[in-house]
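Colleague: The structure that follows is given in the form of structure tokens.
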Amino acid sequence: MKRKIAALIVGLAMTASLAGCAAPAGTAQIETVAPQESAEASQAEDAGASEETASAEASEETAEGGDYHIGIVTGSVSQSEDDRRGAEAFQEMYGEDRVKLAIYPDNFTEELETTIQTIVNLSDDPDMKAIIVNQAIPGTTEAFRQIKERRPDIICIAGESHEDLPEIGSAADLVCNNDFVARGYLIIRTAHELGCDTFVHISFPRHLAYETMSRRLAIMQAACDEFGMTLVQETAPDPTTDVGVAGAQAYILEHVPEWVEKYGTNSAYFCTNDAHTEPLLKQLLEYGGYFIEADLPSPLMGYPGALGIDLTAEAGDFEKILAKVEEAVNEKGGAGRFGTWAYSYGYTVSAGLAQHAMNVIDGVSELDDIDDIAKAYEVFSPKAAWNGSNYTNVETGVKSDNVFLVYQDTYIMGDPGKFMGSTDIEVPEKYFTIK
């Protein structure tokens, strides 16, 4: 059963408390009191002193308990910029001494051992208490198993797993993925609402071997059938192969014009790989077509490069980032045709899951509580509406206690732009059993 997550605006007081801006340990408040000669006054003074001592000792224990490290592993800026920037933002918030970052290889499919070792190496730190991998590419499950064998005290969290969810769920303490089930339906529904008659799905064999992506594609096909749309599949090069990112992007640049000519300007496009997103957006802005949202949505996902805009001054402020991106899209004639999530998914997952791990370690959150996960996400997406549910294995019908699927409302840029209310839509039950 799906649970609606109503996001709250997180105030400065919450941010300050999360950032650990407490008074220094052992600091006592001093009050001036009038001398008392009675035994009652003397006893009260002694009791106050005892309470003050206990308070100081508790503060010292809290400070000692907070002396731990959190590790975050992401892809590189060239492969997964938002994921990396979220990790960097969390490190900036809490300091390099406390937050340790690592990067897995761009060509992770060919460097599996390096990937595993990169993750496992963080557990060599005796103060490490949680390791977050976003995106959890192949090798993460094995890395978590090795970590648990040597350091069962470390909390292992996977963000956006590329491995089968039941498999990684057996090794990780917590897994959070985008809701490929609900979004498979909602992306098509939004395209239909905007007047699209064709949906073009761009991917490659490695991605389509993943349950999350193959199942979403099947749901998209079923939704297209329901809304009277045509779904077509196009294959593009895998950036992790010998062609690399540059070759894969060149292919997209070359083929989008002919795709738009073939399928018409009322066609909507979706690609499963981050590296494909920028050239796809660039050409759709030039030749026509719609783009509802990225595989891992964000106003930073592909838009800055496609639009040729500098967001340095707006870094970390997603309201300003979205406003600047939207203005540039409108200037290019893309109003009403291009969408995103208002806050970066990859950025929020990297930072939000690390925040959640910290909250759990500090004893203020439960690891497998969807509301506590949302609370941590809200620190980095304060005005977002979220929805989500536990993952259900379509083969067995078993609902997982530690694997969650989440999504944010879709925002279509325009003059004015608008949220599509995706998080308020009830996805028909039949879509949860399509495979």
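Residue names in the structure tokens use chain letters A, B, ... in the order shown, residue numbers from 1 in each chain, and ligand numbers from 1 in the order shown.
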So that I can check the secondary structure, give me every residue of stretch 176-292 of chain A assigned strand (DSSP E) by backbone DSSP, as a list in words.

Modeller: Cys176, Asn177, Asn178, Thr198, Phe199, Val200, His201, Ile202, Ser203, Thr230, Leu231, Val232, Gln233, Glu234, Thr235, Ser267, Ala268, Tyr269, Phe270 and Cys271 of chain A

Colleague: Could you write out that same residue set with C-alpha atoms as a short mmCIF file (atom, residue, chain, number, x, y, z; two decimals), in the first residue's frame?

Modeller:
```cif
data_model
loop_
_atom_site.label_atom_id
_atom_site.label_comp_id
_atom_site.auth_asym_id
_atom_site.auth_seq_id
_atom_site.Cartn_x
_atom_site.Cartn_y
_atom_site.Cartn_z
CA CYS A 176 16.22 3.29 -1.83
CA ASN A 177 15.43 3.43 -5.56
CA ASN A 178 13.33 5.69 -7.72
CA THR A 198 4.48 8.75 -29.47
CA PHE A 199 6.93 7.79 -26.74
CA VAL A 200 10.54 7.02 -27.72
CA HIS A 201 12.48 4.89 -25.22
CA ILE A 202 16.28 5.01 -25.67
CA SER A 203 18.46 2.40 -23.98
CA THR A 230 2.71 4.42 -29.66
CA LEU A 231 5.87 3.29 -27.88
CA VAL A 232 9.01 2.75 -29.93
CA GLN A 233 12.46 1.64 -28.79
CA GLU A 234 15.75 3.04 -30.03
CA THR A 235 19.15 1.59 -29.09
CA SER A 267 6.87 12.60 -29.67
CA ALA A 268 8.26 12.41 -26.13
CA TYR A 269 11.73 11.01 -25.42
CA PHE A 270 13.23 9.13 -22.49
CA CYS A 271 16.75 7.73 -22.07
#
```

Colleague: At most 10 Å is the cut-off: for each residue in stretch 256-349 of chain A with any atom that close to an atom of stretch 81-88 of chain A, write down the nearest atom pair and the distance in Å rounded to one decimal, counting only C-alpha atoms, chain first then increasing number, as JSON lines.

Modeller:
```
{"residue": "A:Asp274", "atom": "CA", "partner": "A:Glu81", "partner_atom": "CA", "distance": 9.1}
{"residue": "A:Ala275", "atom": "CA", "partner": "A:Glu81", "partner_atom": "CA", "distance": 9.9}
{"residue": "A:Leu296", "atom": "CA", "partner": "A:Asp82", "partner_atom": "CA", "distance": 9.3}
{"residue": "A:Pro297", "atom": "CA", "partner": "A:Asp82", "partner_atom": "CA", "distance": 9.6}
{"residue": "A:Ser298", "atom": "CA", "partner": "A:Asp82", "partner_atom": "CA", "distance": 7.9}
{"residue": "A:Pro299", "atom": "CA", "partner": "A:Asp82", "partner_atom": "CA", "distance": 9.7}
{"residue": "A:Leu300", "atom": "CA", "partner": "A:Asp82", "partner_atom": "CA", "distance": 7.0}
{"residue": "A:Met301", "atom": "CA", "partner": "A:Asp82", "partner_atom": "CA", "distance": 7.2}
{"residue": "A:Gly302", "atom": "CA", "partner": "A:Glu81", "partner_atom": "CA", "distance": 9.7}
{"residue": "A:Ala315", "atom": "CA", "partner": "A:Arg85", "partner_atom": "CA", "distance": 9.5}
{"residue": "A:Gly316", "atom": "CA", "partner": "A:Arg85", "partner_atom": "CA", "distance": 8.7}
{"residue": "A:Ser344", "atom": "CA", "partner": "A:Asp82", "partner_atom": "CA", "distance": 6.8}
{"residue": "A:Tyr345", "atom": "CA", "partner": "A:Asp82", "partner_atom": "CA", "distance": 7.8}
{"residue": "A:Gly346", "atom": "CA", "partner": "A:Asp83", "partner_atom": "CA", "distance": 4.5}
{"residue": "A:Tyr347", "atom": "CA", "partner": "A:Gly86", "partner_atom": "CA", "distance": 4.0}
{"residue": "A:Thr348", "atom": "CA", "partner": "A:Gly86", "partner_atom": "CA", "distance": 6.3}
{"residue": "A:Val349", "atom": "CA", "partner": "A:Asp83", "partner_atom": "CA", "distance": 7.4}
```

Colleague: Go ahead and dump the residues you just picked, N, CA and C atoms, as a JSON list (two decimals), in the first residue's frame.

Modeller:
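Output contents, as saved in result_23.json:
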```json
[["chain", "number", "residue", "atom", "x", "y", "z"],
["A", 274, "ASP", "N", 22.41, 8.54, -17.91],
["A", 274, "ASP", "CA", 22.65, 9.96, -17.62],
["A", 274, "ASP", "C", 23.45, 10.63, -18.73],
["A", 275, "ALA", "N", 24.46, 9.95, -19.24],
["A", 275, "ALA", "CA", 25.35, 10.57, -20.24],
["A", 275, "ALA", "C", 24.61, 10.89, -21.54],
["A", 296, "LEU", "N", 16.89, 9.79, -13.84],
["A", 296, "LEU", "CA", 17.11, 10.26, -12.47],
["A", 296, "LEU", "C", 16.98, 11.78, -12.51],
["A", 297, "PRO", "N", 15.77, 12.30, -12.34],
["A", 297, "PRO", "CA", 15.47, 13.69, -12.68],
["A", 297, "PRO", "C", 16.19, 14.74, -11.83],
["A", 298, "SER", "N", 16.48, 15.87, -12.48],
["A", 298, "SER", "CA", 17.12, 17.01, -11.83],
["A", 298, "SER", "C", 17.20, 18.16, -12.82],
["A", 299, "PRO", "N", 17.06, 19.40, -12.35],
["A", 299, "PRO", "CA", 17.30, 20.54, -13.25],
["A", 299, "PRO", "C", 18.76, 20.63, -13.67],
["A", 300, "LEU", "N", 19.63, 19.89, -12.97],
["A", 300, "LEU", "CA", 21.05, 19.86, -13.34],
["A", 300, "LEU", "C", 21.37, 18.72, -14.30],
["A", 301, "MET", "N", 20.44, 17.78, -14.47],
["A", 301, "MET", "CA", 20.69, 16.62, -15.30],
["A", 301, "MET", "C", 20.56, 16.97, -16.78],
["A", 302, "GLY", "N", 21.68, 17.30, -17.39],
["A", 302, "GLY", "CA", 21.72, 17.57, -18.82],
["A", 302, "GLY", "C", 21.39, 18.98, -19.23],
["A", 315, "ALA", "N", 24.85, 27.54, -7.31],
["A", 315, "ALA", "CA", 25.20, 26.21, -6.81],
["A", 315, "ALA", "C", 24.58, 25.94, -5.44],
["A", 316, "GLY", "N", 23.88, 24.80, -5.34],
["A", 316, "GLY", "CA", 23.29, 24.38, -4.07],
["A", 316, "GLY", "C", 21.90, 24.96, -3.79],
["A", 344, "SER", "N", 17.09, 17.87, -7.47],
["A", 344, "SER", "CA", 17.81, 16.75, -8.06],
["A", 344, "SER", "C", 17.62, 15.47, -7.27],
["A", 345, "TYR", "N", 17.24, 14.40, -7.97],
["A", 345, "TYR", "CA", 17.10, 13.11, -7.32],
["A", 345, "TYR", "C", 18.46, 12.58, -6.86],
["A", 346, "GLY", "N", 19.44, 12.56, -7.76],
["A", 346, "GLY", "CA", 20.76, 12.03, -7.41],
["A", 346, "GLY", "C", 21.40, 12.80, -6.27],
["A", 347, "TYR", "N", 21.29, 14.12, -6.30],
["A", 347, "TYR", "CA", 21.83, 14.99, -5.26],
["A", 347, "TYR", "C", 21.16, 14.68, -3.92],
["A", 348, "THR", "N", 19.82, 14.59, -3.95],
["A", 348, "THR", "CA", 19.07, 14.35, -2.72],
["A", 348, "THR", "C", 19.34, 12.97, -2.14],
["A", 349, "VAL", "N", 19.49, 11.96, -3.02],
["A", 349, "VAL", "CA", 19.74, 10.61, -2.53],
["A", 349, "VAL", "C", 21.10, 10.52, -1.85]]
```

Colleague: For A:Met420, which residue out of A:Ile373, A:Ile309, A:Ala342, A:Leu322 is the nearest one, using only C-alpha atoms?

Modeller: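 Among the listed residues, the smallest separation from A:Met420 belongs to A:Ala342.
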
Colleague: Please identify the alpha helix (DSSP H) residues within stretch 284-343 of chain A (assignment by DSSP from backbone atoms) and present them as number ranges by chain.

Modeller: A: 284-287, 303-307, 318-331

Colleague: Give me a file of those residues, with C-alpha atoms, as a PDB file, in the first residue's frame.

Modeller:
```
ATOM      1  CA  LEU A 284      15.153  18.263 -28.793  1.00  0.00           C
ATOM      2  CA  LEU A 285      15.371  21.974 -27.998  1.00  0.00           C
ATOM      3  CA  GLU A 286      16.659  22.514 -31.519  1.00  0.00           C
ATOM      4  CA  TYR A 287      14.458  20.149 -33.549  1.00  0.00           C
ATOM      5  CA  TYR A 303      20.096  20.996 -18.880  1.00  0.00           C
ATOM      6  CA  PRO A 304      23.083  23.266 -18.104  1.00  0.00           C
ATOM      7  CA  GLY A 305      25.236  21.760 -20.861  1.00  0.00           C
ATOM      8  CA  ALA A 306      22.380  21.550 -23.348  1.00  0.00           C
ATOM      9  CA  LEU A 307      21.441  25.180 -22.725  1.00  0.00           C
ATOM     10  CA  PHE A 318      17.733  24.482  -6.403  1.00  0.00           C
ATOM     11  CA  GLU A 319      15.002  27.108  -6.505  1.00  0.00           C
ATOM     12  CA  LYS A 320      17.384  29.508  -8.246  1.00  0.00           C
ATOM     13  CA  ILE A 321      18.807  26.714 -10.396  1.00  0.00           C
ATOM     14  CA  LEU A 322      15.339  25.712 -11.601  1.00  0.00           C
ATOM     15  CA  ALA A 323      14.366  29.334 -12.290  1.00  0.00           C
ATOM     16  CA  LYS A 324      17.477  29.914 -14.403  1.00  0.00           C
ATOM     17  CA  VAL A 325      17.073  26.657 -16.312  1.00  0.00           C
ATOM     18  CA  GLU A 326      13.391  27.391 -16.921  1.00  0.00           C
ATOM     19  CA  GLU A 327      14.161  30.865 -18.238  1.00  0.00           C
ATOM     20  CA  ALA A 328      16.707  29.440 -20.685  1.00  0.00           C
ATOM     21  CA  VAL A 329      14.292  26.702 -21.821  1.00  0.00           C
ATOM     22  CA  ASN A 330      11.611  29.304 -22.494  1.00  0.00           C
ATOM     23  CA  GLU A 331      14.072  31.419 -24.494  1.00  0.00           C
TER      24      GLU A 331
END
```

Colleague: I'd like the interatomic distance between atom CA of A:Gln283 and atom CA of A:Asn266, to a tenth of an Å.

Modeller: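 That distance, rounded to one decimal, is 14.6 Å.
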
Colleague: Which polymer residues have any atom within 10 Å of an atom of A:Leu165, counting only C-alpha atoms, with same-chain residues fewer than 6 positions away left out, as a ChimeraX atom specification?

Modeller: /A:141,158,172,175-177,210-212,391-393,400,403-404

Colleague: Expressed in Å to a single decimal, how great is the separation between atom CA of A:Leu186 and atom CA of A:Val427?

Modeller: 7.7 Å

Colleague: Neighbours of stretch 358-368 of chain A within 9 Å (only C-alpha atoms; same-chain residues fewer than 3 positions away dropped), as a VMD selection string?

Modeller: chain A and resid 18 62 65 to 66 70 129 to 130 155 173 to 174 353 to 355 371 to 373 376 401 to 404

Colleague: From the set A:Ile292, A:Thr190, A:Val406, A:Asp238, which residue has the shortest atom-to-atom contact distance to A:Asp106, counting only C-alpha atoms?

Modeller: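 For A:Asp106, the nearest of the candidates is A:Asp238.
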